[in-house]
There are 2 protein chains.
Amino acid sequence: MTSGGDVTVSPGNVPVYHKNNLEVIDRRVKVAEVVLRCMICGLGILAAVLVGSDTQVREIFTIRKKAKFTDMKALVFLLIANGIAAGYSFIQSLRCVVSVIRGSLLVNKPLAWAIFSGDQVMAYVLMAAFAAAAQSSVIAEMGQPEWQWMKVCNLYEKFCTQAGEGMVIALVVSLSMITLSFISAFNLFRLYGETEAQNRGGW
Amino acid sequence: MTSGGDVTVSPGNVPVYHKNNLEVIDRRVKVAEVVLRCMICGLGILAAVLVGSDTQVREIFTIRKKAKFTDMKALVFLLIANGIAAGYSFIQSLRCVVSVIRGSLLVNKPLAWAIFSGDQVMAYVLMAAFAAAAQSSVIAEMGQPEWQWMKVCNLYEKFCTQAGEGMVIALVVSLSMITLSFISAFNLFRLYGETEAQNRGGW
């Protein structure tokens, strides 16, 4: 039973190099996780506020017309998804910080499964919300002349710009949550790891 | 160094029970992978054909109007995404079948990374395509009266029904690809597994 490095291995013991290496990876992954979760929390709130406060009033001849984010159901979905993501990430970052302070970096399987499931659901919901909002925005920006759906963004420029800003931030939130879902998959599935004997060579 | 089961373990050896158990999991996961990949291949083609052949001609008074899937850009995206998913899954299922026949169930890290990345990209793209198409369909079905985007589905019933069927199948394809992305994450990250000493108890 050798591990490939210049490490002394006695029968029945975990190789010292391998264990230290794992601990370094653990700590880096945990720091990345905390940073990403805090980022999602902050940016999720920002996206929700930008979308939720998006409104514009125009006077076209004597008619007063108002565009608000609730006119576009996809923006409501985007706001809700980002709000939930922010709350979820807040709770998760508290958990991360507590585990870093306590020094208990390794998680057990039920907890790892719960975190993995939560992150996966959030990642796909955020991506779906972004895609739906992007689709609505394309129609609002370019119209759908075949079906007489007219452009809206040439009427409500400020409204569309603010919605666009919210969506860019929501995209960053989605991508961060996707990265996090990789981290939680890593944290979960390596608990089902191969033994050292089956896992030689490679990166 | 004990493994928790009624297994004889000699120093420096892999526990027999643990190894056999891993092989059983390996084989089941591989079978599930082949089934899912073949399913995605078949259903992806079906979804693409249903969406791509979706067209309806209506005569409203003497005016001949035609609805086709290219009128709705999200359906074009859905068709392309499902077509690519079908092709990708075909190639991947060939790889799976070859590895089952050869009996080489374990993969190396670079290959596991490539499969993981491909599956993740496909899962998110399929989900985004479905969400965008669903958003367009909601507008087509219910209209967006605030912006004078009129309902289309009361004019083109057959067109909308067929698009709906394509979308239901595309949803099944998306969910299957998400499940597959879990499997490839499992196959990748357990290569970074903990050693047996750190991995006792739990499911």
# chains A, B, ... in the order shown; residues from 1 in each chain; ligands from 1

call {"tool": "select_by_dssp", "arguments": {"residues": "segment 62-183 of chain B", "states": "strand (DSSP E)", "output": "list in words"}}
result
Ile63, Arg64, Lys65, Lys66, Ala67 and Lys68 of chain B

call {"tool": "residues_around", "arguments": {"residues": "segment 146-159 of chain B", "least_positions_apart": "5", "cutoff": "8 Å", "atoms": "only C-alpha atoms", "output": "ChimeraX atom specification"}}
result
/A:71,147-150,152 /B:54-56,58,67-68,139-141

call {"tool": "write_last_selection", "arguments": {"atoms": "C-alpha atoms", "output": "compact mmCIF listing (two decimals), in the first residue's frame"}}
result
# COMPACT_ATOMS: atom_id res chain seq x y z
CA ASP A 71 -46.43 43.41 -15.78
CA TRP A 147 -47.74 37.66 -33.61
CA GLN A 148 -48.11 41.42 -33.25
CA TRP A 149 -46.33 41.47 -29.90
CA MET A 150 -44.91 44.98 -30.02
CA VAL A 152 -41.95 47.76 -25.20
CA ASP B 54 -45.06 22.22 -35.49
CA THR B 55 -47.02 24.36 -37.92
CA GLN B 56 -50.64 25.40 -38.49
CA ARG B 58 -55.61 29.23 -40.48
CA ALA B 67 -47.98 29.78 -37.39
CA LYS B 68 -44.68 27.92 -37.40
CA ILE B 139 -47.52 34.53 -22.98
CA ALA B 140 -48.91 32.73 -26.04
CA GLU B 141 -51.55 30.99 -23.92

call {"tool": "residues_around", "arguments": {"residues": "Ala86 of chain B", "least_positions_apart": "2", "cutoff": "12 Å", "atoms": "only C-alpha atoms", "output": "number ranges by chain"}}
result
B: 36-49, 79-84, 88-93, 122, 126, 170, 173-174, 176-177

call {"tool": "write_last_selection", "arguments": {"atoms": "N, CA, C and O atoms", "output": "tab-separated table (two decimals), in the first residue's frame"}}
result
chain	number	residue	atom	x	y	z
B	36	LEU	N	-30.57	5.97	-18.84
B	36	LEU	CA	-30.90	7.40	-18.93
B	36	LEU	C	-30.38	8.01	-20.23
B	36	LEU	O	-31.07	8.80	-20.88
B	37	ARG	N	-29.16	7.65	-20.61
B	37	ARG	CA	-28.57	8.24	-21.82
B	37	ARG	C	-29.35	7.81	-23.06
B	37	ARG	O	-29.60	8.62	-23.96
B	38	CYS	N	-29.75	6.52	-23.11
B	38	CYS	CA	-30.54	6.06	-24.26
B	38	CYS	C	-31.90	6.77	-24.29
B	38	CYS	O	-32.40	7.15	-25.35
B	39	MET	N	-32.48	6.94	-23.08
B	39	MET	CA	-33.78	7.62	-22.98
B	39	MET	C	-33.67	9.05	-23.50
B	39	MET	O	-34.52	9.51	-24.28
B	40	ILE	N	-32.63	9.75	-23.06
B	40	ILE	CA	-32.45	11.14	-23.50
B	40	ILE	C	-32.27	11.19	-25.00
B	40	ILE	O	-32.82	12.08	-25.68
B	41	CYS	N	-31.52	10.22	-25.53
B	41	CYS	CA	-31.29	10.19	-26.98
B	41	CYS	C	-32.63	10.08	-27.72
B	41	CYS	O	-32.94	10.88	-28.60
B	42	GLY	N	-33.46	9.09	-27.32
B	42	GLY	CA	-34.74	8.88	-27.99
B	42	GLY	C	-35.70	10.04	-27.79
B	42	GLY	O	-36.27	10.58	-28.76
B	43	LEU	N	-35.86	10.46	-26.52
B	43	LEU	CA	-36.83	11.52	-26.22
B	43	LEU	C	-36.38	12.87	-26.77
B	43	LEU	O	-37.21	13.69	-27.17
B	44	GLY	N	-35.06	13.10	-26.78
B	44	GLY	CA	-34.53	14.35	-27.33
B	44	GLY	C	-34.89	14.49	-28.81
B	44	GLY	O	-35.32	15.56	-29.26
B	45	ILE	N	-34.73	13.37	-29.54
B	45	ILE	CA	-35.09	13.38	-30.97
B	45	ILE	C	-36.60	13.61	-31.12
B	45	ILE	O	-37.04	14.44	-31.92
B	46	LEU	N	-37.40	12.92	-30.29
B	46	LEU	CA	-38.85	13.06	-30.36
B	46	LEU	C	-39.28	14.51	-30.10
B	46	LEU	O	-40.11	15.08	-30.84
B	47	ALA	N	-38.69	15.11	-29.05
B	47	ALA	CA	-39.02	16.50	-28.73
B	47	ALA	C	-38.65	17.42	-29.88
B	47	ALA	O	-39.43	18.30	-30.27
B	48	ALA	N	-37.46	17.20	-30.45
B	48	ALA	CA	-37.00	18.05	-31.56
B	48	ALA	C	-37.91	17.90	-32.77
B	48	ALA	O	-38.26	18.89	-33.43
B	49	VAL	N	-38.34	16.66	-33.07
B	49	VAL	CA	-39.21	16.42	-34.23
B	49	VAL	C	-40.58	17.06	-34.00
B	49	VAL	O	-41.13	17.73	-34.88
B	79	LEU	N	-35.51	23.26	-29.71
B	79	LEU	CA	-35.20	22.24	-30.72
B	79	LEU	C	-33.70	21.98	-30.79
B	79	LEU	O	-33.25	20.83	-30.76
B	80	ILE	N	-32.92	23.08	-30.87
B	80	ILE	CA	-31.46	22.93	-30.98
B	80	ILE	C	-30.90	22.23	-29.74
B	80	ILE	O	-30.10	21.28	-29.84
B	81	ALA	N	-31.36	22.68	-28.55
B	81	ALA	CA	-30.84	22.09	-27.30
B	81	ALA	C	-31.15	20.60	-27.23
B	81	ALA	O	-30.29	19.79	-26.87
B	82	ASN	N	-32.38	20.22	-27.61
B	82	ASN	CA	-32.76	18.80	-27.53
B	82	ASN	C	-32.05	17.98	-28.60
B	82	ASN	O	-31.70	16.81	-28.36
B	83	GLY	N	-31.83	18.57	-29.76
B	83	GLY	CA	-31.08	17.89	-30.81
B	83	GLY	C	-29.65	17.61	-30.37
B	83	GLY	O	-29.15	16.48	-30.51
B	84	ILE	N	-29.01	18.64	-29.81
B	84	ILE	CA	-27.63	18.47	-29.33
B	84	ILE	C	-27.59	17.43	-28.21
B	84	ILE	O	-26.70	16.56	-28.17
B	88	TYR	N	-25.33	14.13	-28.22
B	88	TYR	CA	-24.37	13.98	-27.12
B	88	TYR	C	-24.62	12.68	-26.37
B	88	TYR	O	-23.69	11.92	-26.07
B	89	SER	N	-25.92	12.41	-26.08
B	89	SER	CA	-26.26	11.20	-25.31
B	89	SER	C	-25.99	9.94	-26.11
B	89	SER	O	-25.64	8.90	-25.54
B	90	PHE	N	-26.16	10.03	-27.43
B	90	PHE	CA	-25.87	8.87	-28.28
B	90	PHE	C	-24.40	8.49	-28.16
B	90	PHE	O	-24.06	7.31	-27.93
B	91	ILE	N	-23.52	9.50	-28.29
B	91	ILE	CA	-22.08	9.25	-28.19
B	91	ILE	C	-21.73	8.72	-26.79
B	91	ILE	O	-20.99	7.74	-26.63
B	92	GLN	N	-22.31	9.35	-25.76
B	92	GLN	CA	-22.02	8.94	-24.38
B	92	GLN	C	-22.53	7.53	-24.10
B	92	GLN	O	-21.88	6.77	-23.37
B	93	SER	N	-23.70	7.15	-24.69
B	93	SER	CA	-24.18	5.80	-24.38
B	93	SER	C	-23.32	4.76	-25.07
B	93	SER	O	-23.11	3.68	-24.52
B	122	MET	N	-24.92	20.42	-20.43
B	122	MET	CA	-26.16	19.98	-21.09
B	122	MET	C	-27.36	20.16	-20.16
B	122	MET	O	-28.43	20.61	-20.60
B	126	LEU	N	-30.36	22.62	-21.19
B	126	LEU	CA	-31.69	22.05	-21.40
B	126	LEU	C	-32.71	22.72	-20.48
B	126	LEU	O	-33.84	23.03	-20.90
B	170	ALA	N	-39.54	17.58	-23.54
B	170	ALA	CA	-38.29	18.30	-23.27
B	170	ALA	C	-38.05	18.42	-21.77
B	170	ALA	O	-36.90	18.38	-21.32
B	173	VAL	N	-36.66	15.16	-20.68
B	173	VAL	CA	-35.25	15.12	-21.11
B	173	VAL	C	-34.38	15.93	-20.12
B	173	VAL	O	-33.32	15.46	-19.68
B	174	SER	N	-34.86	17.13	-19.76
B	174	SER	CA	-34.10	17.98	-18.82
B	174	SER	C	-33.90	17.27	-17.50
B	174	SER	O	-32.78	17.23	-16.97
B	176	SER	N	-34.04	14.10	-16.82
B	176	SER	CA	-33.14	12.95	-16.97
B	176	SER	C	-31.69	13.41	-17.01
B	176	SER	O	-30.80	12.77	-16.43
B	177	MET	N	-31.44	14.53	-17.71
B	177	MET	CA	-30.07	15.03	-17.82
B	177	MET	C	-29.58	15.53	-16.46
B	177	MET	O	-28.39	15.36	-16.13

call {"tool": "atom_distance", "arguments": {"atom1": "atom CA of Leu111 of chain A", "atom2": "atom CA of Asn187 of chain A"}}
result
10.2 Å

call {"tool": "atom_distance", "arguments": {"atom1": "atom CA of Val168 of chain A", "atom2": "atom CA of Leu180 of chain A"}}
result
18.5 Å

call {"tool": "closest_residue", "arguments": {"among": "B:Ala85, B:Ala134, B:Ala163, B:Ile60", "to": "chain A", "atoms": "only C-alpha atoms"}}
result
B:Ala134

call {"tool": "closest_residue", "arguments": {"among": "B:Ala129, B:Leu175, B:Cys160, B:Ile169", "to": "chain A", "atoms": "only C-alpha atoms"}}
result
B:Ala129
